[in-house]
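Content type compact mmCIF, C-alpha atoms, from the file target.txt:
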# COMPACT_ATOMS: atom_id res chain seq x y z
CA MET O 148 -71.24 -19.26 -30.04
CA ARG O 149 -68.01 -17.27 -29.97
CA ILE O 150 -65.47 -17.85 -27.17
CA GLN O 151 -62.98 -15.27 -25.92
CA VAL O 152 -60.29 -15.73 -23.24
CA LEU O 153 -59.61 -12.74 -20.97
CA VAL O 154 -56.10 -13.13 -19.53
CA ALA O 155 -54.71 -11.26 -16.52
CA ALA O 156 -50.95 -11.20 -17.10
CA MET O 157 -47.84 -9.32 -16.01
CA ASN O 158 -44.56 -8.31 -17.63
CA GLN O 159 -45.11 -9.89 -21.04
CA ASN O 160 -42.52 -8.73 -23.57
CA ASP O 161 -43.80 -10.60 -26.63
CA HIS O 162 -46.84 -12.55 -27.82
CA SER O 163 -45.63 -16.04 -26.91
CA LEU O 164 -48.19 -16.33 -24.10
CA ILE O 165 -50.95 -17.26 -26.56
CA ASN O 166 -49.12 -20.40 -27.68
CA LYS O 167 -47.80 -21.11 -24.19
CA MET O 168 -51.34 -21.13 -22.77
CA ASN O 169 -52.65 -23.14 -25.74
CA ILE O 170 -55.26 -20.49 -26.48
CA LYS O 171 -57.10 -21.48 -29.66
CA THR O 172 -59.88 -18.89 -29.60
CA ASP O 173 -60.00 -15.12 -29.62
CA ALA O 174 -58.30 -13.53 -26.60
CA ILE O 175 -57.64 -10.25 -24.82
CA VAL O 176 -54.47 -10.12 -22.73
CA GLY O 177 -54.36 -7.53 -19.97
CA ASN O 178 -50.60 -7.10 -19.56
CA GLN O 179 -49.59 -5.00 -16.55
CA CYS O 180 -46.06 -3.89 -17.34
CA SER O 181 -43.89 -0.75 -17.56
CA PHE O 182 -45.32 0.83 -20.72
CA ASN O 183 -48.65 1.74 -22.34
CA SER O 184 -49.83 0.46 -25.70
CA VAL O 185 -52.64 -1.45 -27.36
CA GLU O 186 -51.87 -4.14 -29.93
CA ILE O 187 -54.47 -5.85 -32.11
CA PHE O 188 -53.46 -8.63 -34.49
CA ASN O 189 -54.49 -12.02 -35.84
CA ILE O 190 -53.01 -15.46 -35.40
CA GLY O 191 -54.73 -17.42 -38.15
CA ASP O 192 -58.42 -16.81 -37.58
CA GLN O 193 -57.91 -15.77 -33.94
CA LYS O 194 -58.31 -12.10 -33.04
CA ILE O 195 -55.80 -11.20 -30.31
CA GLN O 196 -55.58 -7.97 -28.33
CA TYR O 197 -52.81 -6.97 -25.93
CA LEU O 198 -53.63 -4.17 -23.49
CA ASN O 199 -50.23 -3.11 -22.14
CA PHE O 200 -50.67 -0.72 -19.21
CA ALA O 201 -48.21 0.58 -16.63
CA GLU O 202 -50.47 -0.05 -13.64
CA ARG O 203 -51.15 -2.65 -10.97
CA GLY O 204 -54.16 -4.46 -9.51
CA VAL O 205 -55.74 -7.69 -10.69
CA GLY O 206 -59.30 -6.31 -10.50
CA LEU O 207 -58.32 -3.35 -12.67
CA ASN O 208 -56.59 -5.70 -15.09
CA ARG O 209 -59.63 -7.97 -15.41
CA ASN O 210 -61.93 -4.96 -15.82
CA ASN O 211 -59.76 -3.61 -18.65
CA THR O 212 -60.28 -6.84 -20.58
CA LEU O 213 -63.92 -7.27 -19.56
CA MET O 214 -64.99 -3.82 -20.73
CA ARG O 215 -63.49 -4.53 -24.17
CA ALA O 216 -64.80 -8.10 -24.50
CA ASP O 217 -67.25 -8.71 -27.33
CA ALA O 218 -67.80 -12.49 -27.56
CA ASP O 219 -70.81 -14.57 -26.54
CA ILE O 220 -68.91 -16.46 -23.84
CA CYS O 221 -65.79 -15.22 -22.03
CA LEU O 222 -63.31 -17.05 -19.80
CA PHE O 223 -61.22 -15.37 -17.14
CA ALA O 224 -57.66 -16.67 -17.10
CA ASP O 225 -54.32 -16.19 -15.37
CA ASP O 226 -51.02 -16.37 -17.23
CA ASP O 227 -49.93 -19.61 -15.51
CA MET O 228 -52.61 -21.80 -17.12
CA VAL O 229 -52.52 -24.15 -20.10
CA TYR O 230 -55.86 -24.86 -21.75
CA GLU O 231 -57.04 -28.27 -22.89
CA ASP O 232 -57.03 -28.70 -26.68
CA ASN O 233 -60.83 -28.95 -26.76
CA TYR O 234 -61.64 -26.34 -24.11
CA SER O 235 -63.88 -24.33 -26.42
CA GLU O 236 -66.02 -27.39 -27.19
CA ILE O 237 -66.26 -28.28 -23.49
CA ILE O 238 -67.49 -24.77 -22.72
CA LYS O 239 -69.92 -24.58 -25.62
CA ASN O 240 -71.40 -27.96 -24.70
CA ALA O 241 -71.86 -26.85 -21.07
CA PHE O 242 -73.76 -23.72 -22.07
CA GLN O 243 -75.89 -25.77 -24.46
CA ARG O 244 -76.76 -28.16 -21.62
CA TYR O 245 -77.65 -25.19 -19.43
CA PRO O 246 -79.23 -22.64 -21.77
CA ASP O 247 -80.33 -20.55 -18.77
CA ALA O 248 -76.78 -20.35 -17.34
CA ASP O 249 -75.18 -16.94 -16.97
CA VAL O 250 -72.00 -18.28 -15.34
CA ILE O 251 -70.51 -21.79 -15.38
CA VAL O 252 -67.68 -22.97 -13.12
CA PHE O 253 -65.25 -25.66 -14.36
CA ASN O 254 -62.39 -27.69 -12.88
CA LEU O 255 -58.68 -26.93 -13.17
CA LYS O 256 -55.97 -29.59 -13.04
CA GLU O 257 -53.29 -29.14 -10.35
CA GLN O 258 -50.21 -31.12 -9.38
CA VAL O 259 -51.16 -30.63 -5.73
CA ILE O 260 -54.90 -30.21 -5.33
CA THR O 261 -55.73 -27.05 -3.40
CA ARG O 262 -59.02 -26.08 -5.03
CA LYS O 263 -62.46 -27.60 -4.63
CA VAL O 264 -62.87 -30.38 -7.20
CA ILE O 265 -66.32 -30.45 -8.78
CA THR O 266 -67.44 -34.08 -8.93
CA LYS O 267 -71.02 -33.62 -10.12
CA GLU O 268 -73.04 -30.91 -11.77
CA CYS O 269 -74.75 -28.58 -9.32
CA LYS O 270 -76.17 -25.13 -8.90
CA VAL O 271 -73.99 -22.49 -7.25
CA GLY O 272 -75.58 -20.25 -4.61
CA TYR O 273 -74.80 -18.33 -1.45
CA LEU O 274 -73.86 -21.47 0.48
CA ASN O 275 -71.09 -22.63 -1.87
CA TYR O 276 -69.89 -19.78 -4.12
CA LEU O 277 -66.93 -18.85 -1.90
CA ARG O 278 -65.05 -22.00 -2.92
CA TYR O 279 -64.64 -20.98 -6.58
CA GLY O 280 -62.01 -18.67 -8.07
CA THR O 281 -62.15 -16.49 -11.16
CA ALA O 282 -59.77 -18.49 -13.36
CA ARG O 283 -62.20 -21.41 -13.56
CA ILE O 284 -65.35 -19.58 -14.62
CA ALA O 285 -66.96 -18.75 -17.94
CA ILE O 286 -69.54 -16.00 -18.30
CA ARG O 287 -72.32 -15.19 -20.71
CA LEU O 288 -71.10 -11.69 -21.53
CA ALA O 289 -74.52 -10.20 -22.29
CA SER O 290 -75.76 -11.14 -18.79
CA ILE O 291 -72.76 -9.59 -17.06
CA LYS O 292 -72.97 -6.37 -19.06
CA LYS O 293 -76.74 -6.13 -18.59
CA TYR O 294 -76.27 -5.76 -14.85
CA GLY O 295 -73.02 -3.80 -14.98
CA ILE O 296 -71.01 -6.39 -13.05
CA TYR O 297 -67.28 -5.73 -12.76
CA PHE O 298 -64.45 -6.61 -10.39
CA ASN O 299 -63.93 -4.68 -7.17
CA GLN O 300 -60.61 -2.88 -7.65
CA CYS O 301 -59.83 -2.67 -3.93
CA PHE O 302 -59.34 -6.44 -3.62
CA GLY O 303 -56.88 -8.88 -5.18
CA GLY O 304 -53.20 -8.90 -6.05
CA GLY O 305 -51.63 -5.46 -6.31
CA THR O 306 -54.29 -3.77 -4.13
CA GLU O 307 -54.77 -2.87 -0.47
CA HIS O 308 -56.54 -6.17 0.27
CA CYS O 309 -54.61 -9.10 -1.13
CA HIS O 310 -57.45 -11.41 -2.19
CA GLY O 311 -61.21 -11.70 -2.62
CA GLU O 312 -61.97 -10.05 -5.96
CA ASP O 313 -63.28 -13.37 -7.31
CA ASN O 314 -65.62 -13.87 -4.32
CA LEU O 315 -66.99 -10.35 -4.76
CA PHE O 316 -67.56 -10.90 -8.48
CA LEU O 317 -69.61 -14.07 -7.93
CA ASN O 318 -71.44 -12.40 -5.05
CA ALA O 319 -72.43 -9.57 -7.39
CA CYS O 320 -73.70 -12.15 -9.88
CA LEU O 321 -75.86 -13.80 -7.21
CA LYS O 322 -77.21 -10.45 -6.02
CA SER O 323 -78.27 -9.76 -9.62
CA LYS O 324 -80.03 -13.17 -9.59
CA LEU O 325 -77.85 -14.62 -12.33
CA LYS O 326 -77.88 -18.40 -12.66
CA ILE O 327 -74.56 -20.10 -11.85
CA TYR O 328 -73.75 -23.78 -12.38
CA ALA O 329 -70.69 -25.91 -11.59
CA VAL O 330 -69.74 -28.79 -13.89
CA PRO O 331 -67.06 -31.50 -13.43
CA GLU O 332 -65.22 -30.98 -16.75
CA TYR O 333 -61.58 -29.85 -16.75
CA ILE O 334 -60.71 -26.94 -19.04
CA ALA O 335 -57.08 -26.17 -18.14
CA THR O 336 -54.01 -27.08 -16.09
CA LEU O 337 -52.33 -24.76 -13.61
CA THR O 338 -48.59 -24.80 -14.25
CA GLU O 339 -47.77 -23.15 -10.89
CA GLU O 340 -44.52 -21.97 -12.44
CA ARG O 341 -44.46 -18.59 -10.76
CA ALA O 342 -44.80 -17.48 -7.17
CA SER O 343 -47.80 -15.37 -6.26
CA SER O 344 -47.21 -11.65 -6.69
CA TRP O 345 -49.18 -10.86 -3.52
CA SER O 346 -49.30 -13.75 -1.10
CA ASN O 347 -47.09 -14.25 1.92
CA GLY O 348 -49.19 -17.24 2.91
CA TYR O 349 -51.70 -17.23 5.72
CA ASP O 350 -50.10 -14.41 7.67
CA GLU O 351 -51.87 -11.86 9.85
CA LYS O 352 -52.42 -9.55 6.87
CA TYR O 353 -54.26 -12.32 5.02
CA ILE O 354 -56.50 -13.01 8.00
CA ARG O 355 -57.33 -9.34 8.53
CA ASP O 356 -58.12 -9.02 4.83
CA GLN O 357 -60.56 -11.91 5.29
CA GLY O 358 -62.46 -9.81 7.80
CA VAL O 359 -62.64 -6.84 5.43
CA LEU O 360 -63.72 -9.13 2.60
CA PHE O 361 -66.52 -10.72 4.63
CA ARG O 362 -67.87 -7.35 5.71
CA THR O 363 -67.82 -6.18 2.09
CA LEU O 364 -69.65 -9.34 1.01
CA SER O 365 -72.42 -9.00 3.60
CA ARG O 366 -73.05 -6.22 6.08
CA ARG O 367 -75.65 -8.45 7.73
CA TRP O 368 -73.84 -11.78 7.96
CA TRP O 369 -70.16 -10.82 7.96
CA ARG O 370 -69.51 -11.80 11.60
CA LEU O 371 -70.96 -15.24 10.97
CA LEU O 372 -68.73 -15.59 7.91
CA CYS O 373 -65.72 -14.69 10.05
CA LEU O 374 -66.78 -17.24 12.66
CA GLN O 375 -67.13 -20.12 10.22
CA ASP O 376 -63.84 -19.26 8.53
CA ALA O 377 -61.95 -19.15 11.84
CA LEU O 378 -63.50 -22.45 12.93
CA ARG O 379 -62.65 -24.21 9.67
CA ARG O 380 -59.24 -22.77 8.94
CA HIS O 381 -57.52 -21.70 12.17
CA LYS O 382 -55.16 -24.68 11.98
CA SER O 383 -54.12 -23.61 8.48
CA TYR O 384 -53.62 -20.11 9.88
CA ASP O 385 -51.42 -21.66 12.60
CA MET O 386 -53.18 -19.83 15.42
CA GLU O 387 -55.94 -20.32 17.95
CA PHE O 388 -59.48 -20.07 16.61
CA TYR O 389 -60.38 -17.10 18.81
CA LYS O 390 -57.33 -15.06 17.78
CA ALA O 391 -58.07 -15.58 14.08
CA PHE O 392 -61.71 -14.66 14.66
CA MET O 393 -60.86 -11.46 16.55
CA LEU O 394 -58.33 -10.37 13.92
CA MET O 395 -61.07 -10.61 11.29
CA ILE O 396 -63.64 -8.81 13.46
CA ASP O 397 -61.23 -6.00 14.28
CA ALA O 398 -60.32 -5.51 10.62
CA GLY O 399 -63.95 -5.60 9.53
CA LYS O 400 -65.04 -3.04 12.11
CA ASN O 401 -62.33 -0.62 11.07
CA ASN O 402 -63.05 -0.66 7.34
Any chance you could give the structure as structure tokens?
Amino acid sequence: MRIQVLVAAMNQNDHSLINKMNIKTDAIVGNQCSFNSVEIFNIGDQKIQYLNFAERGVGLNRNNTLMRADADICLFADDDMVYEDNYSEIIKNAFQRYPDADVIVFNLKEQVITRKVITKECKVGYLNYLRYGTARIAIRLASIKKYGIYFNQCFGGGTEHCHGEDNLFLNACLKSKLKIYAVPEYIATLTEERASSWSNGYDEKYIRDQGVLFRTLSRRWWRLLCLQDALRRHKSYDMEFYKAFMLMIDAGKNN
């Protein structure tokens, strides 16, 4: 079972990222920068590719690496992660425990916990997939390519809508009836050493983008998704529930 890490990175001027992230398997680095080139080289028995493109958009970046991936199992990564020494064994063992799994979600270590911590193994479906981001998932590449699943290039950092590409990816997996599991093992640590390239926090733009995201996820249930989000998170948005809800509805209707 061959493992390959697909890294979404920006402004890399050398190849030090591989060591910095503690990548010990094959890897493809999508490096959005100011020039265009493709580099293929080996570090020991690791095959490394750098795709240096003068373009922006995290979905586009992830798609560039995904379309060139050729391993059995692939991990999506950001350039502010450091992998555990035994991450490849953790991932292989998880897929061996779940031979029917197409996607497996893992934990990430954080100094300040902001992401859902998986405490027990469970199946991921429509009721819980929104809590998981791309940088913590591993995919069985053959399953993803069989159904032509890629990232929506209109969502995520560097695009019109500042987030949501990960939600749309998992939603596409569920619509294709792929099997997704969540396991409590930790595969990497988030260093949080750089500020987000897109986020201004929970401002009005973020909330409006939520409405567009929910309508894109489900034309049938998008208003209900807006409602539950406004109810749960309006205090984090620092505004009244109804105002947050109406911002989402207005944005969804007009997109």
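Coordinates place CA of Arg355 in chain O at a distance of 29.6 Å from CA of Lys256 in chain O.
Every residue within 9 Å of the file position (-63.2, -18.4, 12.1), judged by only C-alpha atoms, is given as Leu371, Leu372, Cys373, Leu374, Gln375, Asp376, Ala377, Leu378, Arg379, Arg380, His381, Phe388, Tyr389, Lys390, Ala391, Phe392, Met393 and Met395 of chain O.
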| task | Give me, please, the distance in Å between CA of Asn166 in chain O and CA of Asp217 in chain O, quoted to one decimal. | result |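 One can read the CA of Asn166 in chain O to CA of Asp217 in chain O distance as 21.6 Å.
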| field | Test item: residues at most 8 Å from Glu186 in chain O, all atoms listed in the file, excluding those fewer than 6 positions along its chain, as a list of chain:residue names | value |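 Counting all atoms listed in the file, the residues come to O:Gln196, O:Tyr197, O:Leu198.
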| query | What is the distance between CA of Asn402 in chain O and CA of Arg370 in chain O, in Å to one decimal? | reply |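 Separating CA of Asn402 in chain O from CA of Arg370 in chain O is a distance of 13.6 Å.
Residues near the point (-64.8, -7.6, 1.2), at a distance of 10 Å or less over all atoms listed in the file, make up Asn299, Cys301, Phe302, His308, His310, Gly311, Glu312, Asn314, Leu315, Asp356, Gln357, Gly358, Val359, Leu360, Phe361, Arg362, Thr363, Leu364, Ser365, Arg366, Trp369, Gly399 and Asn402 of chain O.
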